[in-house]
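Participant: Just one file: query-v8.txt, with compact mmCIF, C-alpha atoms.
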```txt
# COMPACT_ATOMS: atom_id res chain seq x y z
CA MET A 1 -17.82 -4.28 17.24
CA SER A 2 -16.12 -2.78 14.17
CA LEU A 3 -16.23 -4.42 10.74
CA LYS A 4 -12.56 -5.33 11.12
CA MET A 5 -13.26 -7.06 14.44
CA ARG A 6 -16.28 -8.88 12.98
CA TYR A 7 -14.24 -10.05 10.01
CA ALA A 8 -11.45 -11.29 12.25
CA ALA A 9 -13.91 -13.14 14.48
CA ARG A 10 -15.53 -14.82 11.46
CA VAL A 11 -12.22 -15.89 9.96
CA LEU A 12 -11.13 -17.38 13.25
CA GLY A 13 -14.58 -18.86 13.76
CA LEU A 14 -14.22 -20.71 10.44
CA LEU A 15 -10.95 -22.21 11.65
CA VAL A 16 -12.68 -23.31 14.84
CA LEU A 17 -15.46 -24.96 12.86
CA VAL A 18 -12.85 -26.97 10.98
CA ALA A 19 -11.21 -27.97 14.25
CA GLY A 20 -14.61 -28.84 15.70
CA ALA A 21 -15.45 -30.96 12.70
CA GLY A 22 -12.23 -32.88 13.21
CA THR A 23 -13.17 -33.52 16.83
CA ALA A 24 -16.62 -34.69 15.84
CA MET A 25 -15.09 -37.15 13.37
CA GLY A 26 -13.11 -38.91 16.08
CA ALA A 27 -10.04 -36.75 16.46
CA ALA A 28 -10.82 -35.84 20.06
CA SER A 29 -7.79 -37.71 21.28
CA VAL A 30 -5.43 -35.46 19.30
CA PRO A 31 -3.78 -33.09 21.81
CA LEU A 32 -4.71 -29.47 21.33
CA PRO A 33 -1.89 -26.99 20.74
CA PRO A 34 -2.09 -24.25 23.38
CA VAL A 35 -3.27 -20.90 22.05
CA VAL A 36 -2.33 -17.41 23.26
CA ILE A 37 -4.50 -14.52 22.02
CA ILE A 38 -2.91 -11.07 21.75
CA PRO A 39 -5.58 -8.41 21.14
CA GLY A 40 -5.37 -5.34 18.95
CA LEU A 41 -5.16 -1.63 19.60
CA CYS A 42 -7.64 -0.68 22.34
CA GLY A 43 -8.64 -4.35 22.66
CA SER A 44 -7.26 -4.89 26.16
CA GLN A 45 -9.30 -3.95 29.21
CA MET A 46 -7.19 -1.86 31.60
CA GLU A 47 -7.61 -0.58 35.12
CA ALA A 48 -5.97 2.19 37.10
CA ARG A 49 -5.30 3.09 40.71
CA LEU A 50 -4.98 6.71 41.81
CA THR A 51 -2.56 6.81 44.73
CA GLU A 52 -2.23 9.66 47.21
CA ALA A 53 0.51 11.14 45.00
CA TYR A 54 -2.09 11.88 42.29
CA ASP A 55 -3.06 15.53 42.65
CA SER A 56 -3.40 16.71 39.06
CA ALA A 57 -7.06 15.93 38.31
CA PRO A 58 -8.12 18.37 35.57
CA HIS A 59 -11.60 19.18 36.96
CA TRP A 60 -13.36 19.34 40.33
CA TYR A 61 -15.61 16.42 39.39
CA CYS A 62 -12.73 14.07 38.48
CA PRO A 63 -11.60 11.39 40.97
CA ARG A 64 -8.81 12.27 43.40
CA GLY A 65 -6.02 10.03 44.61
CA SER A 66 -5.90 8.56 48.10
CA LYS A 67 -3.81 6.16 50.15
CA ASN A 68 -6.77 3.75 50.25
CA SER A 69 -7.46 3.86 46.51
CA VAL A 70 -8.64 0.73 44.74
CA TRP A 71 -8.28 -0.42 41.17
CA LYS A 72 -10.94 0.94 38.79
CA ARG A 73 -11.71 0.35 35.14
CA VAL A 74 -10.30 3.02 32.83
CA TRP A 75 -10.48 1.14 29.55
CA PHE A 76 -13.09 0.62 28.65
CA SER A 77 -16.06 2.02 30.57
CA LEU A 78 -18.60 3.54 28.21
CA LYS A 79 -20.13 5.80 30.84
CA ASP A 80 -16.76 7.46 31.55
CA TYR A 81 -16.46 8.61 27.93
CA VAL A 82 -19.58 10.74 28.04
CA VAL A 83 -17.23 13.30 29.62
CA PRO A 84 -13.83 11.79 28.81
CA SER A 85 -11.43 14.43 30.14
CA CYS A 86 -10.96 12.74 33.54
CA VAL A 87 -9.95 9.35 32.14
CA ASP A 88 -8.01 10.91 29.28
CA HIS A 89 -5.82 12.70 31.80
CA GLU A 90 -5.33 9.59 33.94
CA MET A 91 -4.12 7.66 30.89
CA GLN A 92 -1.58 10.20 29.69
CA VAL A 93 1.94 8.91 28.95
CA ARG A 94 5.05 10.85 29.89
CA VAL A 95 8.22 10.52 27.81
CA ALA A 96 11.79 11.26 28.88
CA GLU A 97 15.23 10.45 27.52
CA GLY A 98 17.30 8.10 29.68
CA PRO A 99 21.07 8.38 30.36
CA ASP A 100 21.79 5.95 27.52
CA GLY A 101 19.71 7.95 25.05
CA SER A 102 16.78 5.54 25.09
CA LEU A 103 13.25 6.74 25.75
CA ARG A 104 11.65 6.06 29.12
CA TYR A 105 7.89 5.97 29.54
CA SER A 106 5.82 6.63 32.64
CA ASN A 107 2.30 7.43 33.75
CA ILE A 108 1.08 10.68 35.29
CA GLU A 109 2.50 10.93 38.82
CA GLY A 110 0.39 8.93 41.23
CA VAL A 111 -1.31 6.82 38.56
CA GLU A 112 -0.75 3.06 38.21
CA ILE A 113 -2.16 1.21 35.20
CA ARG A 114 -2.33 -2.51 34.42
CA PRO A 115 -4.16 -4.81 31.99
CA VAL A 116 -7.06 -6.89 33.29
CA ASP A 117 -6.68 -10.66 33.77
CA PHE A 118 -3.34 -11.26 32.07
CA GLY A 119 -3.09 -14.96 31.17
CA GLY A 120 -6.86 -15.39 31.27
CA VAL A 121 -9.47 -14.14 28.83
CA GLY A 122 -11.46 -11.86 31.12
CA GLY A 123 -9.74 -8.78 29.73
CA ILE A 124 -10.21 -9.45 26.01
CA GLY A 125 -13.73 -10.85 25.62
CA CYS A 126 -15.34 -7.45 25.25
CA LEU A 127 -14.23 -3.88 25.84
CA ASP A 128 -16.82 -2.90 28.46
CA PRO A 129 -18.20 -5.78 30.55
CA GLN A 130 -21.26 -3.69 31.42
CA PHE A 131 -22.13 -3.28 27.74
CA CYS A 132 -20.75 -6.46 26.21
CA GLY A 133 -23.41 -6.54 23.51
CA ILE A 134 -22.11 -3.42 21.78
CA SER A 135 -18.45 -3.85 22.70
CA SER A 136 -17.97 -7.58 22.12
CA TYR A 137 -14.51 -8.51 20.90
CA PHE A 138 -13.04 -12.00 21.32
CA ASN A 139 -16.03 -13.48 23.14
CA PRO A 140 -17.38 -15.31 20.04
CA LEU A 141 -14.00 -16.88 19.34
CA ILE A 142 -13.41 -17.85 22.96
CA LYS A 143 -16.82 -19.51 23.16
CA ALA A 144 -16.27 -21.36 19.89
CA LEU A 145 -12.83 -22.59 20.94
CA GLU A 146 -14.29 -23.86 24.20
CA THR A 147 -17.46 -25.49 22.87
CA ARG A 148 -16.38 -26.71 19.45
CA ALA A 149 -12.69 -27.46 19.85
CA GLY A 150 -12.48 -28.36 23.53
CA TYR A 151 -10.15 -25.59 24.68
CA VAL A 152 -10.02 -24.77 28.39
CA VAL A 153 -9.13 -21.29 29.66
CA ASN A 154 -5.87 -21.21 31.63
CA GLU A 155 -5.01 -24.74 30.48
CA THR A 156 -4.92 -24.64 26.69
CA LEU A 157 -6.35 -21.17 26.01
CA PHE A 158 -4.73 -17.98 27.25
CA GLY A 159 -5.00 -14.23 26.73
CA ALA A 160 -2.22 -11.64 26.74
CA PRO A 161 -3.77 -8.17 27.18
CA TYR A 162 -1.27 -5.31 27.29
CA ASP A 163 -0.99 -1.55 27.64
CA PHE A 164 -1.86 -0.59 24.08
CA ARG A 165 -0.73 2.99 24.65
CA LEU A 166 2.87 1.79 24.36
CA ALA A 167 4.99 0.80 21.37
CA GLY A 168 7.18 -2.29 21.39
CA ASP A 169 9.99 -0.72 23.39
CA GLY A 170 7.57 0.47 26.06
CA LEU A 171 6.10 -3.02 26.40
CA VAL A 172 9.59 -4.24 27.26
CA GLN A 173 9.93 -1.56 29.93
CA ASP A 174 6.58 -2.21 31.60
CA GLY A 175 7.22 -5.95 31.93
CA PHE A 176 4.79 -7.21 29.29
CA GLU A 177 7.44 -9.11 27.34
CA ALA A 178 8.75 -10.81 30.48
CA ASN A 179 5.20 -11.75 31.43
CA LEU A 180 4.44 -13.04 27.93
CA THR A 181 7.64 -15.12 27.97
CA ALA A 182 6.62 -16.69 31.28
CA LEU A 183 3.07 -17.28 30.04
CA ILE A 184 4.27 -19.06 26.89
CA GLU A 185 6.85 -21.15 28.73
CA GLY A 186 4.24 -22.11 31.32
CA ALA A 187 1.70 -23.05 28.64
CA VAL A 188 4.26 -25.25 26.87
CA ALA A 189 5.25 -26.99 30.11
CA LYS A 190 1.59 -27.48 31.10
CA ASN A 191 0.78 -29.09 27.75
CA GLY A 192 3.46 -31.73 27.41
CA ASN A 193 5.96 -29.43 25.68
CA ARG A 194 3.58 -28.78 22.78
CA THR A 195 4.42 -25.41 21.25
CA VAL A 196 1.93 -22.56 21.39
CA THR A 197 0.10 -20.89 18.56
CA LEU A 198 0.04 -17.11 18.90
CA ILE A 199 -3.03 -15.32 17.51
CA GLY A 200 -2.56 -11.57 17.09
CA HIS A 201 -5.28 -9.24 15.89
CA SER A 202 -4.38 -5.84 14.42
CA MET A 203 -1.73 -4.23 16.66
CA GLY A 204 -1.51 -7.56 18.51
CA GLY A 205 0.17 -9.03 15.44
CA MET A 206 2.77 -6.28 15.51
CA VAL A 207 3.31 -6.80 19.24
CA ALA A 208 3.83 -10.53 18.63
CA THR A 209 6.19 -9.87 15.72
CA TYR A 210 8.26 -7.43 17.79
CA PHE A 211 8.31 -9.91 20.67
CA LEU A 212 9.56 -12.76 18.47
CA ALA A 213 12.16 -10.49 16.84
CA GLY A 214 13.77 -10.18 20.25
CA LYS A 215 13.91 -13.92 20.95
CA PRO A 216 16.69 -16.39 20.03
CA ALA A 217 15.81 -18.85 17.28
CA ASP A 218 16.19 -21.86 19.57
CA TRP A 219 13.73 -20.39 22.10
CA ILE A 220 11.18 -19.82 19.34
CA GLU A 221 11.65 -23.36 18.02
CA ARG A 222 11.03 -24.85 21.46
CA HIS A 223 8.07 -22.68 22.39
CA VAL A 224 6.22 -21.23 19.39
CA GLY A 225 4.67 -23.42 16.73
CA GLY A 226 3.11 -20.62 14.71
CA LEU A 227 1.89 -17.05 14.56
CA MET A 228 -1.50 -16.19 13.05
CA THR A 229 -2.12 -12.49 12.45
CA ILE A 230 -5.41 -10.96 11.39
CA SER A 231 -5.64 -7.45 9.93
CA SER A 232 -2.25 -6.51 11.37
CA PRO A 233 -0.80 -3.25 9.99
CA TYR A 234 2.48 -4.57 8.62
CA GLY A 235 2.59 -1.56 6.34
CA GLY A 236 1.42 0.83 9.01
CA SER A 237 -2.11 2.20 9.35
CA PRO A 238 -3.76 5.52 8.44
CA LEU A 239 -6.06 4.84 11.41
CA ALA A 240 -3.11 5.34 13.76
CA LEU A 241 -2.46 8.70 12.12
CA GLN A 242 -6.13 9.64 12.45
CA GLY A 243 -5.90 8.85 16.16
CA SER A 244 -3.22 11.50 16.58
CA ILE A 245 -5.16 14.11 14.63
CA SER A 246 -8.79 13.77 15.67
CA GLY A 247 -9.18 10.45 17.49
CA ALA A 248 -10.72 7.27 16.10
CA SER A 249 -13.83 5.57 17.44
CA ILE A 250 -12.50 2.00 16.78
CA GLY A 251 -16.02 0.95 15.72
CA LEU A 252 -17.78 1.95 18.94
CA PRO A 253 -20.95 4.09 18.87
CA ILE A 254 -19.25 7.17 20.26
CA MET A 255 -17.82 10.41 18.92
CA VAL A 256 -14.25 10.03 17.66
CA HIS A 257 -12.93 12.96 19.70
CA ALA A 258 -13.82 11.12 22.93
CA PHE A 259 -10.60 9.12 22.58
CA LEU A 260 -8.42 11.93 21.27
CA GLY A 261 -6.95 12.68 24.69
CA ILE A 262 -5.46 9.18 24.79
CA GLN A 263 -4.61 8.59 21.14
CA ASP A 264 -2.84 11.92 20.59
CA ASN A 265 -0.40 11.06 23.35
CA SER A 266 0.23 7.33 22.99
CA PRO A 267 3.62 6.03 21.71
CA SER A 268 1.85 3.24 19.82
CA GLY A 269 0.44 5.82 17.38
CA PRO A 270 3.71 6.88 15.69
CA TRP A 271 4.94 3.27 15.84
CA LEU A 272 2.07 2.28 13.55
CA TYR A 273 1.92 5.26 11.19
CA PRO A 274 1.82 4.33 7.48
CA SER A 275 5.08 3.13 5.94
CA GLN A 276 6.50 5.88 3.76
CA GLY A 277 7.89 3.32 1.31
CA LEU A 278 4.37 2.21 0.33
CA TRP A 279 2.87 5.61 -0.44
CA ASN A 280 3.34 8.18 -3.16
CA ALA A 281 5.23 10.99 -1.45
CA SER A 282 3.89 13.52 -3.96
CA VAL A 283 0.29 12.92 -2.83
CA PRO A 284 -0.59 14.49 0.54
CA MET A 285 -1.94 12.14 3.19
CA VAL A 286 -3.26 15.01 5.31
CA ARG A 287 -4.47 18.32 3.95
CA THR A 288 -5.59 21.45 5.78
CA ARG A 289 -6.70 24.80 4.42
CA ASN A 290 -3.17 26.14 4.60
CA LYS A 291 -0.82 23.19 4.44
CA SER A 292 -0.41 19.66 3.10
CA TYR A 293 1.49 16.81 4.73
CA PRO A 294 2.97 14.01 2.61
CA PRO A 295 3.26 10.41 3.91
CA THR A 296 6.95 10.77 4.78
CA ALA A 297 8.92 10.88 8.00
CA LYS A 298 9.29 14.66 7.63
CA GLY A 299 5.62 15.07 6.74
CA PHE A 300 4.53 13.19 9.87
CA ALA A 301 7.05 15.09 12.01
CA ASP A 302 5.81 18.44 10.70
CA LEU A 303 2.21 17.41 11.31
CA LEU A 304 2.87 16.43 14.94
CA GLN A 305 4.82 19.64 15.50
CA ASP A 306 1.99 21.77 14.10
CA LEU A 307 -0.58 19.88 16.17
CA GLY A 308 1.44 20.40 19.33
CA ARG A 309 1.82 16.68 20.01
CA ARG A 310 4.97 16.95 22.14
CA GLU A 311 5.33 13.34 23.27
CA GLN A 312 4.59 11.87 19.87
CA SER A 313 7.01 14.29 18.21
CA ILE A 314 9.77 12.93 20.46
CA ILE A 315 8.71 9.33 19.92
CA LEU A 316 8.28 9.31 16.13
CA PRO A 317 11.94 9.11 14.97
CA ARG A 318 12.83 6.60 17.71
CA VAL A 319 10.24 3.86 17.18
CA ARG A 320 10.12 3.46 13.42
CA ASN A 321 13.13 1.15 13.24
CA MET A 322 13.52 -1.25 16.16
CA ARG A 323 14.74 -4.87 16.32
CA GLY A 324 15.17 -4.97 12.57
CA ILE A 325 11.57 -3.89 11.92
CA ASP A 326 11.99 -0.83 9.71
CA PHE A 327 8.66 0.74 8.78
CA ASP A 328 10.25 3.35 6.53
CA ALA A 329 12.68 1.24 4.50
CA GLU A 330 12.90 2.13 0.84
CA GLY A 331 10.29 0.24 -1.15
CA GLY A 332 8.27 -0.70 1.93
CA PRO A 333 8.75 -1.96 5.46
CA SER A 334 11.36 -4.62 6.19
CA TYR A 335 11.21 -7.35 8.82
CA PRO A 336 13.82 -9.72 10.26
CA ARG A 337 13.82 -13.20 8.77
```
For the structure just supplied, provide its representation as structure tokens.
Facilitator:
Amino acid sequence: MSLKMRYAARVLGLLVLVAGAGTAMGAASVPLPPVVIIPGLCGSQMEARLTEAYDSAPHWYCPRGSKNSVWKRVWFSLKDYVVPSCVDHEMQVRVAEGPDGSLRYSNIEGVEIRPVDFGGVGGIGCLDPQFCGISSYFNPLIKALETRAGYVVNETLFGAPYDFRLAGDGLVQDGFEANLTALIEGAVAKNGNRTVTLIGHSMGGMVATYFLAGKPADWIERHVGGLMTISSPYGGSPLALQGSISGASIGLPIMVHAFLGIQDNSPSGPWLYPSQGLWNASVPMVRTRNKSYPPTAKGFADLLQDLGRREQSIILPRVRNMRGIDFDAEGGPSYPR
């Protein structure tokens, strides 16, 4: 678990202790507000199915598609990232421009990908269930909410894992927003019309913010009581930029380049690049032997072009200002009220 994840878990754990203390003092009869947890970048377990249309495996030892294929874990399985090229290829995102000018996202032909246990918490407790000890994520918080505050999974406690490769617009296309809407409405109805509290960690806070920016005010008032974000990159994140350049290990004991084949292709990277309004444009953010790249839209575009990041070069200018969330507004990012 990374330091950021540990810090988030401890902050939330402190809130649970307060809630637990209230219960111990006789407040057990107070109805619990339902909680929906939205994990951060790389915090959702995902699985893939390779159908018979999948015939582009990069090496002889990589899995092939078949008509009888079953779902398999692709994120995260620590053993697969010893030699990551097979999974990296399976998780590639394709980008195309639709008839209306909007971007359309798809997987490699023959590959289907979905988050694990949407609505439950089985896909957010740890990254790799086989090595939970070194990849633990929300497990401490889930346990504390259950044992100290009386929360019950699928009744008052829910998880909303998602395809973290995608930016906000892609999560609309793949059905995540529709599923999250149904999950929240169902949680409210199941709990006597008590509004939910959304908890978003890191990118999960941005996903929640983008989701709410697309909802009418009256829907939010009837369904969402609050949004708690922890370590969310409201000003963008240099870590997202690092992912496009060399990969980032996200706190796991593994070489950073193991994830490069996913991070250098994902639309969520450019969505979360640092906000140019918060950085000194005269100071390079990336420097090579021959060239420097300032923290500006042009600097990032030039960097992606020089790195040969085709998909992210297309994505960058299209995802920085969506639903009134403008990462590159003068003076810093702006958000809808």
Participant: Using all atoms listed in the file, find the one residue out of A:Ile230, A:Leu272, A:Met322, A:Leu303 that sits nearest to Ile38 in chain A.
Facilitator: A:Ile230
Participant: Any idea what's packed within 10 Å of Leu227 in chain A, counting all atoms listed in the file, ignoring anything in its chain fewer than 4 positions away? Could you give it as a PyMOL selection string?
Facilitator: chain A and resi 35-36+196-200+205+208-209+212
Participant: Residues as selected, C-alpha atoms, written as a PDB file, keeping the file's coordinate frame, can you do that?
Facilitator:
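And here's out-v9.pdb as it stands now:
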```pdb
ATOM      1  CA  VAL A  35      -3.270 -20.900  22.050  1.00  0.00           C
ATOM      2  CA  VAL A  36      -2.330 -17.410  23.260  1.00  0.00           C
ATOM      3  CA  VAL A 196       1.930 -22.560  21.390  1.00  0.00           C
ATOM      4  CA  THR A 197       0.100 -20.890  18.560  1.00  0.00           C
ATOM      5  CA  LEU A 198       0.040 -17.110  18.900  1.00  0.00           C
ATOM      6  CA  ILE A 199      -3.030 -15.320  17.510  1.00  0.00           C
ATOM      7  CA  GLY A 200      -2.560 -11.570  17.090  1.00  0.00           C
ATOM      8  CA  GLY A 205       0.170  -9.030  15.440  1.00  0.00           C
ATOM      9  CA  ALA A 208       3.830 -10.530  18.630  1.00  0.00           C
ATOM     10  CA  THR A 209       6.190  -9.870  15.720  1.00  0.00           C
ATOM     11  CA  LEU A 212       9.560 -12.760  18.470  1.00  0.00           C
TER      12      LEU A 212
END
```
Participant: Would you work out the distance separating CA of His89 in chain A from CA of Gly120 in chain A, expressed in Å to one decimal?
Facilitator: 28.1 Å
Participant: Please compute the CA of Leu157 in chain A-CA of Ser202 in chain A distance, one decimal, in Å.
Facilitator: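 These atoms are spaced 19.3 Å apart.
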Participant: Excluding Ser44 in chain A and residues on its chain fewer than 2 positions from it, collect all residues at most 9 Å away from it, counting all atoms listed in the file, and give them as a count of residues only.
Facilitator: 20
Participant: Mind listing as a ChimeraX atom specification all residues within 6 Å of (2.4, 12.1, 32.2), counting all atoms listed in the file?
Facilitator: /A:92-94,107-108
Participant: Measuring between only C-alpha atoms, which one of A:Arg320, A:His223, A:Arg49, A:Arg309 shows the shortest distance to Tyr210 in chain A?
Facilitator: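 Checking each candidate against Tyr210 in chain A, we get A:Arg320 as the closest.
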Participant: Can you tell me how far CA of Asp326 in chain A sits from CA of Ser275 in chain A, in Å to one decimal?
Facilitator: 8.8 Å
Participant: Counting only C-alpha atoms, what is within 10 Å of Asn280 in chain A, bar same-chain residues fewer than 3 positions away, as an MDAnalysis selection string?
Facilitator: chainID A and resid 276:277 283:285 294:296
Participant: Using all atoms listed in the file, give me every residue within 7 Å of (-2.7, 8.5, 36.5) in file coordinates, as a ChimeraX atom specification.
Facilitator: /A:50,54,90-91,107-112
Participant: Which of these residues is nearest to Ser77 in chain A, using all atoms listed in the file: A:Asp169, A:Asp174, A:Glu97, A:Glu47?
Facilitator: A:Glu47
Participant: Hey, could you patch up range 24-54 of chain A with N, CA and C atoms and hand it over as a compact mmCIF listing (two decimals), keeping the file's coordinate frame?
Facilitator:
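Full text of part27.txt as output:
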```txt
# COMPACT_ATOMS: atom_id res chain seq x y z
N ALA A 24 -15.41 -33.92 16.00
CA ALA A 24 -16.62 -34.69 15.84
C ALA A 24 -16.39 -35.97 15.05
N MET A 25 -15.37 -35.99 14.21
CA MET A 25 -15.09 -37.15 13.37
C MET A 25 -14.16 -38.13 14.06
N GLY A 26 -13.89 -37.92 15.36
CA GLY A 26 -13.11 -38.91 16.08
C GLY A 26 -11.70 -38.50 16.37
N ALA A 27 -11.40 -37.21 16.22
CA ALA A 27 -10.04 -36.75 16.46
C ALA A 27 -9.88 -36.15 17.84
N ALA A 28 -10.84 -36.46 18.74
CA ALA A 28 -10.82 -35.84 20.06
C ALA A 28 -9.58 -36.19 20.85
N SER A 29 -8.95 -37.30 20.52
CA SER A 29 -7.79 -37.71 21.28
C SER A 29 -6.53 -36.97 20.86
N VAL A 30 -6.59 -36.21 19.76
CA VAL A 30 -5.43 -35.46 19.30
C VAL A 30 -5.21 -34.29 20.25
N PRO A 31 -4.02 -34.18 20.85
CA PRO A 31 -3.78 -33.09 21.81
C PRO A 31 -3.93 -31.73 21.14
N LEU A 32 -4.52 -30.81 21.85
CA LEU A 32 -4.71 -29.47 21.33
C LEU A 32 -3.45 -28.64 21.54
N PRO A 33 -3.02 -27.91 20.53
CA PRO A 33 -1.89 -26.99 20.74
C PRO A 33 -2.38 -25.81 21.58
N PRO A 34 -1.65 -25.41 22.60
CA PRO A 34 -2.09 -24.25 23.38
C PRO A 34 -2.12 -22.99 22.52
N VAL A 35 -3.06 -22.12 22.82
CA VAL A 35 -3.27 -20.90 22.05
C VAL A 35 -3.16 -19.69 22.98
N VAL A 36 -2.43 -18.68 22.54
CA VAL A 36 -2.33 -17.41 23.26
C VAL A 36 -2.86 -16.31 22.34
N ILE A 37 -3.88 -15.60 22.80
CA ILE A 37 -4.50 -14.52 22.02
C ILE A 37 -3.93 -13.18 22.45
N ILE A 38 -3.44 -12.42 21.49
CA ILE A 38 -2.91 -11.07 21.75
C ILE A 38 -3.82 -10.08 21.03
N PRO A 39 -4.57 -9.28 21.76
CA PRO A 39 -5.58 -8.41 21.14
C PRO A 39 -4.96 -7.22 20.42
N GLY A 40 -5.82 -6.49 19.73
CA GLY A 40 -5.37 -5.34 18.95
C GLY A 40 -5.39 -4.04 19.73
N LEU A 41 -5.14 -2.96 19.01
CA LEU A 41 -5.16 -1.63 19.60
C LEU A 41 -6.49 -1.38 20.29
N CYS A 42 -6.45 -0.96 21.54
CA CYS A 42 -7.64 -0.68 22.34
C CYS A 42 -8.44 -1.93 22.70
N GLY A 43 -7.91 -3.12 22.41
CA GLY A 43 -8.64 -4.35 22.66
C GLY A 43 -8.39 -4.98 24.00
N SER A 44 -7.55 -4.37 24.83
CA SER A 44 -7.26 -4.89 26.16
C SER A 44 -7.98 -4.04 27.21
N GLN A 45 -8.75 -4.68 28.08
CA GLN A 45 -9.30 -3.95 29.21
C GLN A 45 -8.15 -3.55 30.13
N MET A 46 -8.24 -2.34 30.68
CA MET A 46 -7.19 -1.86 31.60
C MET A 46 -7.84 -1.19 32.80
N GLU A 47 -7.13 -1.23 33.91
CA GLU A 47 -7.61 -0.58 35.12
C GLU A 47 -6.50 0.27 35.72
N ALA A 48 -6.92 1.24 36.52
CA ALA A 48 -5.97 2.19 37.10
C ALA A 48 -6.23 2.34 38.60
N ARG A 49 -5.18 2.74 39.29
CA ARG A 49 -5.30 3.09 40.71
C ARG A 49 -4.68 4.47 40.90
N LEU A 50 -5.44 5.34 41.57
CA LEU A 50 -4.98 6.71 41.81
C LEU A 50 -4.47 6.78 43.24
N THR A 51 -3.16 6.80 43.40
CA THR A 51 -2.56 6.81 44.73
C THR A 51 -2.61 8.23 45.31
N GLU A 52 -2.19 8.37 46.56
CA GLU A 52 -2.23 9.66 47.21
C GLU A 52 -1.31 10.69 46.56
N ALA A 53 -0.38 10.21 45.71
CA ALA A 53 0.51 11.14 45.00
C ALA A 53 -0.18 11.80 43.81
N TYR A 54 -1.38 11.31 43.44
CA TYR A 54 -2.09 11.88 42.29
C TYR A 54 -2.86 13.12 42.74
```
